[in-house]
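Written below as C-alpha cells is the structure these notes are about.
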There are 2 protein chains.
Amino acid sequence: MRGKKLALGLSLMALLVFPALGVAADDVPKLTDDEWKLAKQTYFNRCAGCHGTLRKGATGPDLLPKKTRELGTEVIEAFITEGTGGGMPGFVKMGILTAQEANVMARFVQNDPVAPPEISLADMKDTWKILVPVDKRPKKPEHTRNWQNYFGVVLRDAGKVAIFDGDTKENLGEVPTGFAVHILRSGASGRYFYSIGRDGKATMIDLWTKTPTMVAEVKACSEARSIETSKYKGYEDKLAIIGCYWPPHFVILDGQTLEPKKIVSTRGYTVDTNEYHPEPRVAAIVPSHYTPEWALLIKEAGFLWMVDYSNIRDIRIKMIEGERFLHDGGWNATKRYFMAAANMKDTMVIFDTKLGKFVTKFKVGTKPHPGRGANWIDPKYGPVSGTVHLGEGMLSVWGSDPEKHPEHAWKVVRSIELKKGSGSLFLKTHPKSKHLWMDFPLNPEPSSHRSVCVLDITQPEKEPKCFDVGDHGRVVHFEYNKNGDEVWISVWDKIGEVVVYDDKTLKVKTVLKDLVTPTGHFNVYNTMKDIY
Amino acid sequence: MRGKKLALGLSLMALLVFPALGVAADDVPKLTDDEWKLAKQTYFNRCAGCHGTLRKGATGPDLLPKKTRELGTEVIEAFITEGTGGGMPGFVKMGILTAQEANVMARFVQNDPVAPPEISLADMKDTWKILVPVDKRPKKPEHTRNWQNYFGVVLRDAGKVAIFDGDTKENLGEVPTGFAVHILRSGASGRYFYSIGRDGKATMIDLWTKTPTMVAEVKACSEARSIETSKYKGYEDKLAIIGCYWPPHFVILDGQTLEPKKIVSTRGYTVDTNEYHPEPRVAAIVPSHYTPEWALLIKEAGFLWMVDYSNIRDIRIKMIEGERFLHDGGWNATKRYFMAAANMKDTMVIFDTKLGKFVTKFKVGTKPHPGRGANWIDPKYGPVSGTVHLGEGMLSVWGSDPEKHPEHAWKVVRSIELKKGSGSLFLKTHPKSKHLWMDFPLNPEPSSHRSVCVLDITQPEKEPKCFDVGDHGRVVHFEYNKNGDEVWISVWDKIGEVVVYDDKTLKVKTVLKDLVTPTGHFNVYNTMKDIY
C-alpha cells in the first residue's frame with residue numbers, strides 16, 4: 001500500500017499530525033551516490049533551517065524516519081511540491097526544486113539522519129585568513145563619505161554583500177562573503193561590518209578604506225545564523241561572537257581579526273520536557289549595552305544564555321529558562337528587556353538582562369517573527385513593541401515599559417489585522433518616524449508577497465496602508481537611513497532591486513537596480529546603536 | 001598474523017603507545033547475546049571508570065576500535081590478565097575476572113562503542129521514592145547518641161552502607177543503597193547522610209531516627225561518582241547535587257526529598273585541544289562555604305564549573321579553564337582555594353573559588369590522587385597541603401596559604417619518598433593531629449597494599465612509619481572521629497573489617513569485624529564541616 005496517492009491539503013496536514021494514518025514502509029528507499037550528495041546539499045540549503053540538521057524539528061515538524069517511512073515517498077513528494085498551510089513552501093510549485101529533486105528528497109528523509117562532522121578550534125583556525133593585518137589598516141577614514149550612513153545589502157545567492165553610500169546611493173563595491181549571508185552587524189564603532197553566511201563563514205569588512213575591503217574571514221560552523229560584537233564600554237570592537245546551527249555551539253573571536261578564541265557547546269536539556277537534545281541551535285544574539293554580555297537564544301533547548309565576555313578564559317554564563325523554539329527578537333526601547341519570539345509556541349518571552357532573569361511570557365498570534373522587532377510610542381498605551389507573524393496576517397502590540405507603564409507591560413494591547421495575510425518576516429520603525437512597516441515575503445500570493453503595509457503609529461485605529469513595492473519577486477526587510485527619514489526595502493528576485501522610500505510621504509525616492517537576490521540590508525549607524 | 005603472542009610487560013606498554021606496531025584485525029570479533037550482556041556489565045563494573053563509557057580514555061588510555069582491532073584479541077587478553085605498570089590491574093591474576101571473561105572483554109572492546117541511553121528528568125522521577133515524607137520525620141533526635149560522631153561505612157559489594165556509633169563502635173544498621181557506593185556526604189546540619197552508588201542511585205539516610213532510616217532514593221544516572229549538598233548560609237540542607245559519569249550531566253535535587261529539579265549537560269569542548277568531547281564526566285564536587293555555589297570537576301573537558309544554586313531556574317555557571325582529567329581534590333585550610341588533581345597530567349590545579357578564577361597549576365608526582373586531600377602546618381613552610389600518587393610512592397607537599405605565605409604558595413616544598421611504592425588512593429590528617437596517614441590499596445604487592453605509612457608532620461624530615469593494618473585484603477581510606485584522636489581504616493576484602501587506631505599512639509583500639517567489602521567511611525561531623 002506504500003506510496004498511495006492522497007488528496008493534498010488538509011489530508012497532508014492530518015498526516016503530519018497523525019502519522020499513524022500513514023502507510024507503512026516495507027524498506028528504506030536507496031539513493032545513488034550522486035543523489036545522496038544532491039540531497040545532503042539540498043537539505044542544508046532548504047530544509048535544515050526549519051526541520052533541524054538531525055531532523056528533530058523546530059520551526060517545522062520533525063522528519064524522523066519513524067514518521068517519514070510511514071508517510072512514504074509519494075506523500076512526502078506531494079508536501080515538497082505543494083507546500084502546506086502551516087508555512088512549508090511549495091518548493092516545486094515555486095520553481096525552487098524540480099520534480100526529480102523532490103523525489104530524491106522524499107527518499108532521502110526516509111533514511112536515518114547522519115550528524116555532520118564536529119568542528120574544533122584547530123579546524124576553524126585552518127579556515128581563518130587575515131587579508132589586511134590590523135597595522136596595515138588606515139587609522140582614519142581614507143574618504144570623506146558619510147560612512148555611518150552606509151548600507152550593507154546581502155546579495156543572497158551571489159554570496160556577496162554590496163556596500164552602498166546611503167547619501168549618494170552609489171554602489172561602492174561588492175565583497176565576497178559566505179553563502180546566503182543571514183545577517184550583518186556593526187561593531188560599537190561602526191567601522192566594520194561583520195557578516196555571517198548560512199554556511200558558517202564570517203567576513204569582516206572595513207568601511208574606512210577608499211572602497212570597502214574584506215580584512216578577515218573564518219568559517220566557524222557548517223551552518224550558522226548569527227554574529228555580534230562586544231558593545232559594552234571598554235570592550236568596543238574587541239570581541240565578536242558567532243552563533244552556530246551546526247555544530248550546536250558558539251564561538252568567541254577577536255573583534256579585530258576574527259581569530260577564533262573559544263568554543264562553548266550548547267548541547268543540553270530542553271526547558272520543558274527536560275530531555276537531552278543533541279542540537280540546540282544558537283538563533284538570534286543581541287549585545288547588552290549595560291553589561292559585558294551577549295544574550296543568545298538557544299532555540300531547541302528554550303533558554304536565554306547571557307554570556308559574560310569580560311573574562312573568556314573563566315567564562316560565566318547565565319542559563320535562563322524561557323520557552324522552546326526561541327528564534328528571534330530584540331531589545332525594548334530601554335535595552336534592558338530582551339523580547340524573544342518562541343515562534344512554534346505562538347509566544348513572546350521577556351527576559352530582564354539587567355538582573356539576568358526570566359520576566360514573563362505571553363501569547364501573541366500564530367508563529368510570531370519580529371526580526372529585531374520595533375519599538376514606538378502608542379498614543380493610548382505609551383511605549384509599546386510589536387511583532388508580525390509567519391502564520392497569520394496580524395500585528396501584535398504589547399506594552400514594553402514596566403518601569404513607567406506597569407499596567408500595560410507585557411500585555412497585548414492591540415491585535416491589528418493585516419489584510420495581506422500571513423507570511424510576514426519583518427516590521428520596522430524608527431524613533432523619528434510615525435510609520436511602522438511590515439512585509440509578507442513568505443505569503444504564497446504575489447499580491448501579498450510583493451506588497452508591504454504601513455501603520456500610522458500616531459493613529460493606530462486607522463487601517464494600515466498597503467501597497468505593492470515590486471511587480472516581481474518577494475518584498476522583504478526594512479532598514480532606515482541614519483536620519484530616520486528613508487526606508488530601504490528589498491525586492492528579492494534573481495535580478496532584484498532595493499527600493500528607497502521617503503518615510504514621510506511613502507513615495508519612492510529611488511530604485512537601486514540589477515542586484516542579485518537582495519535580501520537583508522543594514523544601515524551602519526542604526527546597527528551599531530541597535531536602533532529599532 | 002592476528003593474535004600473535006607477544007612477551008608481556010614493556011612490549012605491551014609499547015603497543016598501547018605505538019599501536020601501529022600491532023597486528024591488523026581482519027574482521028571484528030562477534031559476541032553471542034549472553035557474552036554481550038556479560039561484557040556490557042563487566043565493562044561498566046571494571047573498565048568504564050578509567051577508560052570512559054564511550055572508551056575515549058581518561059585515567060586509562062582510549063580503547064577505540066582503531067587501536068583495539070590492531071592489538072587483537074590475544075594481546076588485549078594479556079593486558080586484562082596481567083595488568084600493566086601504568087596502573088591497569090591484572091584482573092585475571094587478581095581473581096576478579098576468569099580467563100573466559102577476559103576473552104569476552106578482549107573481543108568486546110574491538111566492537112564499536114555504543115552510547116548508553118539518555119536519561120530525562122521524567123525518567124529520574126520514575127525512580128524517585130520518598131520512603132518517609134518530611135512531615136513524618138522526627139523534629140529532634142529520637143535517641144541520645146552522639147550522632148555527630150556517627151560513621152557511615154560503605155559495604156561496597158553488598159550495596160549497603162553500615163552506620164556505626166563512633167563513640168560505642170556499635171553497628172546501628174545497614175541501609176540498602178546503590179551498587180558500590182562511591183561517596184557519602186553530610187548536609188550542613190549533619191542530620192542526613194547522602195550516598196551515591198556507582199550505578200547512579202542516590203540514597204538519603206536519616207540519623208535522627210532510633211535506627212538509621214532510608215528516607216528517599218532516586219536514580220539520576222546510569223553511572224555516577226559524586227553527590228553534595230548546599231552548605232551556604234540560608235541554603236543548609238535545602239538542595240543536593242549529583243554529578244554523573246553517564247549521561248554526562250549534573251542534577252540538582254531537593255535536599256529534603258531528593259526530588260530531581262534540574263539537569264544540566266556537561267558535554268562540551270576540551271580545555272586544551274578545543275575539540276568536542278561527547279563524555280565530559282562530573283568527577284569530584286565540593287560545596288563552597290563562602291558563596292551559594294558548588295565546584296564541579298568536569299573531568300575529560302578539564303574545566304571547573306562553579307554552579308550557583310541561588311536561583312536554579314535561571315542558573316549561573318562559571319566555566320573555569322583548568323587541565324584535562326581533573327579527577328579529585330578538596331579545599332585548602334581556608335576553604336577559598338580548590339586544589340584539584342589532573343591525575344593523567346601529573347598536575348595539581350588551583351582555583352580561587354572566591355573570585356571564580358584559575359590561579360595556577362604545577363607538576364607533582366605520577367598520577368596524583370589526593371581524595372579530598374589533607375591540610376596541615378609544616379614547621380618550615382607554614383600551612384601546606386599534599387597528595388599521594390597512583391603512579392609512584394611519593395607524598396608531594398606544597399604551600400597553600402597565598403595570603404600569609406605567598407613565597408611558598410602553590411610550590412612543591414617537599415617530595416617525600418614512600419618506601420611502600422605506588423598505588424596510593426588517600427591521605428588524611430586532622431587539625432588536632434600530628435599524623436598524616438597514607439594508603440597503597442592499588443599496589444600489586446600484599447606487603448604494600450596491606451599497609452599504611454604515617455608521617456609525623458611536626459618532623460617531616462623523619463622517615464614515615466609504615467606498618468601492616470591487615471593480614472588480608474587491601475587497606476584503604478582514612479577517617480578521623482569527631483574529636484580527631486582516632487583513625488578508622490578499611491580492610492577491603494570479601495569479609496573485611498574496619499580497624500580503629502589511636503591517632504596518638506598508632507595502636508589499634510578496636511576492630512569492627514565481618515563487614516562485606518568495606519571501603520570508604522565517613523564521619524558525620526568531619527564531613528559536614530569539610531574537615532581534612
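Simple scheme: letters A, B, ... for chains in C-alpha cells order, numbers from 1 for residues in each chain, numbers from 1 for ligands in the order shown.
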Go through chain A residue by residue and, counting only C-alpha atoms, keep those with an atom at most 8 Å from chain B; for each kept residue give the shortest atom pair and its distance in Å to one decimal, ordered by chain and increasing number, as a Markdown table.
| residue | atom | partner | partner_atom | distance |
| --- | --- | --- | --- | --- |
| A:Glu118 | CA | B:Tyr276 | CA | 6.8 |
| A:Ile119 | CA | B:Glu275 | CA | 7.2 |
| A:Ser120 | CA | B:Glu275 | CA | 4.6 |
| A:Leu121 | CA | B:Asn274 | CA | 5.5 |
| A:Ala122 | CA | B:Asn274 | CA | 7.5 |
| A:Lys262 | CA | B:Asn274 | CA | 7.8 |
| A:Ile263 | CA | B:Tyr269 | CA | 6.9 |
| A:Val264 | CA | B:Gly268 | CA | 6.5 |
| A:Ser265 | CA | B:Gly268 | CA | 4.9 |
| A:Thr266 | CA | B:Gly268 | CA | 7.8 |
| A:Arg267 | CA | B:Arg267 | CA | 6.7 |
| A:Gly268 | CA | B:Ser265 | CA | 4.9 |
| A:Tyr269 | CA | B:Val264 | CA | 6.5 |
| A:Thr273 | CA | B:Leu121 | CA | 7.5 |
| A:Asn274 | CA | B:Leu121 | CA | 5.5 |
| A:Glu275 | CA | B:Ser120 | CA | 4.6 |
| A:Tyr276 | CA | B:Ser120 | CA | 6.6 |
| A:Arg313 | CA | B:Glu321 | CA | 6.1 |
| A:Asp314 | CA | B:Ile320 | CA | 4.1 |
| A:Ile315 | CA | B:Met319 | CA | 5.3 |
| A:Arg316 | CA | B:Lys318 | CA | 4.2 |
| A:Ile317 | CA | B:Ile317 | CA | 5.4 |
| A:Lys318 | CA | B:Arg316 | CA | 4.2 |
| A:Met319 | CA | B:Ile315 | CA | 5.3 |
| A:Ile320 | CA | B:Asp314 | CA | 4.0 |
| A:Glu321 | CA | B:Asp314 | CA | 5.9 |
| A:Gly356 | CA | B:Asp314 | CA | 7.4 |
| A:Lys357 | CA | B:Asp314 | CA | 6.1 |
| A:Phe358 | CA | B:Asp314 | CA | 7.2 |
Requested in this report: Give me the residues within 7 Å of stretch 448-454 of chain A as an MDAnalysis selection string, counting only C-alpha atoms and dropping any in the same chain fewer than 2 places off.
Outcome: chainID A and resid 420 435:446 456 464:475
Just write the chosen residues, N, CA, C and O atoms, as a JSON list (two decimals), in the first residue's frame.
[["chain", "number", "residue", "atom", "x", "y", "z"],
["A", 420, "LYS", "N", -3.24, 41.67, 4.06],
["A", 420, "LYS", "CA", -2.42, 40.95, 3.09],
["A", 420, "LYS", "C", -2.17, 39.51, 3.51],
["A", 420, "LYS", "O", -1.59, 38.73, 2.75],
["A", 435, "HIS", "N", 5.80, 55.99, 11.15],
["A", 435, "HIS", "CA", 5.35, 54.84, 10.37],
["A", 435, "HIS", "C", 5.95, 53.53, 10.87],
["A", 435, "HIS", "O", 7.10, 53.47, 11.30],
["A", 436, "LEU", "N", 5.15, 52.47, 10.76],
["A", 436, "LEU", "CA", 5.61, 51.12, 11.07],
["A", 436, "LEU", "C", 5.40, 50.27, 9.81],
["A", 436, "LEU", "O", 4.27, 50.17, 9.32],
["A", 437, "TRP", "N", 6.48, 49.72, 9.29],
["A", 437, "TRP", "CA", 6.45, 48.97, 8.03],
["A", 437, "TRP", "C", 6.41, 47.47, 8.27],
["A", 437, "TRP", "O", 7.11, 46.97, 9.15],
["A", 438, "MET", "N", 5.65, 46.75, 7.45],
["A", 438, "MET", "CA", 5.51, 45.29, 7.62],
["A", 438, "MET", "C", 5.52, 44.60, 6.26],
["A", 438, "MET", "O", 4.92, 45.11, 5.31],
["A", 439, "ASP", "N", 6.20, 43.44, 6.18],
["A", 439, "ASP", "CA", 6.30, 42.72, 4.90],
["A", 439, "ASP", "C", 5.56, 41.38, 4.95],
["A", 439, "ASP", "O", 5.05, 40.98, 6.01],
["A", 440, "PHE", "N", 5.48, 40.68, 3.78],
["A", 440, "PHE", "CA", 4.75, 39.41, 3.66],
["A", 440, "PHE", "C", 5.48, 38.45, 2.71],
["A", 440, "PHE", "O", 4.86, 37.79, 1.88],
["A", 441, "PRO", "N", 6.80, 38.35, 2.79],
["A", 441, "PRO", "CA", 7.55, 37.66, 1.74],
["A", 441, "PRO", "C", 7.24, 36.18, 1.61],
["A", 441, "PRO", "O", 7.44, 35.61, 0.54],
["A", 442, "LEU", "N", 6.77, 35.53, 2.66],
["A", 442, "LEU", "CA", 6.50, 34.09, 2.56],
["A", 442, "LEU", "C", 5.04, 33.80, 2.25],
["A", 442, "LEU", "O", 4.63, 32.64, 2.22],
["A", 443, "ASN", "N", 4.25, 34.83, 1.98],
["A", 443, "ASN", "CA", 2.86, 34.59, 1.56],
["A", 443, "ASN", "C", 2.87, 34.04, 0.13],
["A", 443, "ASN", "O", 3.61, 34.54, -0.71],
["A", 444, "PRO", "N", 2.11, 32.97, -0.14],
["A", 444, "PRO", "CA", 2.15, 32.40, -1.49],
["A", 444, "PRO", "C", 1.57, 33.30, -2.58],
["A", 444, "PRO", "O", 1.92, 33.15, -3.76],
["A", 445, "GLU", "N", 0.74, 34.23, -2.20],
["A", 445, "GLU", "CA", 0.07, 35.08, -3.22],
["A", 445, "GLU", "C", 0.97, 36.25, -3.64],
["A", 445, "GLU", "O", 1.38, 37.04, -2.78],
["A", 446, "PRO", "N", 1.22, 36.39, -4.93],
["A", 446, "PRO", "CA", 2.02, 37.55, -5.40],
["A", 446, "PRO", "C", 1.45, 38.88, -4.92],
["A", 446, "PRO", "O", 2.19, 39.79, -4.56],
["A", 456, "ASP", "N", 0.19, 53.94, 10.56],
["A", 456, "ASP", "CA", 0.48, 55.25, 11.16],
["A", 456, "ASP", "C", 0.41, 55.06, 12.67],
["A", 456, "ASP", "O", -0.69, 54.91, 13.23],
["A", 464, "PRO", "N", -4.00, 50.04, 8.35],
["A", 464, "PRO", "CA", -2.71, 50.27, 7.70],
["A", 464, "PRO", "C", -2.87, 50.41, 6.19],
["A", 464, "PRO", "O", -3.76, 49.80, 5.59],
["A", 465, "LYS", "N", -2.02, 51.26, 5.60],
["A", 465, "LYS", "CA", -1.98, 51.41, 4.14],
["A", 465, "LYS", "C", -1.14, 50.28, 3.57],
["A", 465, "LYS", "O", -0.01, 50.07, 4.01],
["A", 466, "CYS", "N", -1.68, 49.59, 2.55],
["A", 466, "CYS", "CA", -0.90, 48.51, 1.93],
["A", 466, "CYS", "C", -0.70, 48.85, 0.46],
["A", 466, "CYS", "O", -1.61, 49.38, -0.19],
["A", 467, "PHE", "N", 0.50, 48.56, -0.03],
["A", 467, "PHE", "CA", 0.76, 48.84, -1.45],
["A", 467, "PHE", "C", 1.89, 47.97, -1.97],
["A", 467, "PHE", "O", 2.71, 47.46, -1.19],
["A", 468, "ASP", "N", 1.91, 47.79, -3.30],
["A", 468, "ASP", "CA", 2.96, 46.98, -3.93],
["A", 468, "ASP", "C", 4.27, 47.76, -3.95],
["A", 468, "ASP", "O", 4.28, 48.96, -4.22],
["A", 469, "VAL", "N", 5.36, 47.01, -3.69],
["A", 469, "VAL", "CA", 6.69, 47.61, -3.79],
["A", 469, "VAL", "C", 7.35, 47.16, -5.10],
["A", 469, "VAL", "O", 8.05, 47.92, -5.75],
["A", 470, "GLY", "N", 7.09, 45.92, -5.49],
["A", 470, "GLY", "CA", 7.65, 45.40, -6.74],
["A", 470, "GLY", "C", 6.56, 44.81, -7.60],
["A", 470, "GLY", "O", 5.43, 44.59, -7.14],
["A", 471, "ASP", "N", 6.91, 44.57, -8.85],
["A", 471, "ASP", "CA", 5.97, 43.86, -9.71],
["A", 471, "ASP", "C", 6.51, 42.47, -10.04],
["A", 471, "ASP", "O", 6.10, 41.80, -10.97],
["A", 472, "HIS", "N", 7.50, 42.04, -9.25],
["A", 472, "HIS", "CA", 8.08, 40.71, -9.38],
["A", 472, "HIS", "C", 8.76, 40.40, -8.04],
["A", 472, "HIS", "O", 8.87, 41.27, -7.16],
["A", 473, "GLY", "N", 9.23, 39.15, -7.89],
["A", 473, "GLY", "CA", 9.98, 38.79, -6.68],
["A", 473, "GLY", "C", 9.15, 38.88, -5.41],
["A", 473, "GLY", "O", 7.91, 38.95, -5.46],
["A", 474, "ARG", "N", 9.87, 38.86, -4.30],
["A", 474, "ARG", "CA", 9.25, 38.94, -2.97],
["A", 474, "ARG", "C", 9.84, 40.14, -2.24],
["A", 474, "ARG", "O", 11.06, 40.30, -2.21],
["A", 475, "VAL", "N", 8.99, 40.90, -1.62],
["A", 475, "VAL", "CA", 9.44, 42.10, -0.93],
["A", 475, "VAL", "C", 9.79, 41.75, 0.51],
["A", 475, "VAL", "O", 8.98, 41.13, 1.20]]
Query raised in the report: Where does DSSP see helix (DSSP H, G or I) in stretch 30-168 of chain A, if you list the residues as a PyMOL selection string?
Result: chain A and resi 33-51+65-71+73-82+99-108+121-127+134-136+147-149+156-158
Closest pair table for stretch 287-313 of chain A residues within 12 Å of stretch 183-198 of chain A, only C-alpha atoms, as JSON lines:
{"residue": "A:Pro287", "atom": "CA", "partner": "A:Ala188", "partner_atom": "CA", "distance": 9.9}
{"residue": "A:Ser288", "atom": "CA", "partner": "A:Ala188", "partner_atom": "CA", "distance": 11.3}
{"residue": "A:His289", "atom": "CA", "partner": "A:Ala188", "partner_atom": "CA", "distance": 9.7}
Requested in this report: Might you pull out every residue within 8 Å of stretch 96-110 of chain B, with only C-alpha atoms counted and same-chain residues fewer than 3 positions away left off, and present them as an MDAnalysis selection string?
Outcome: chainID B and resid 28:31 35:36 39 42:43 63:65 68:69 72:74 76:77 80:81 91:93 113
Query raised in the report: At what distance in Å, to one decimal, does atom CA of A:His51 lie from atom CA of A:Val364?
Result: 22.6 Å
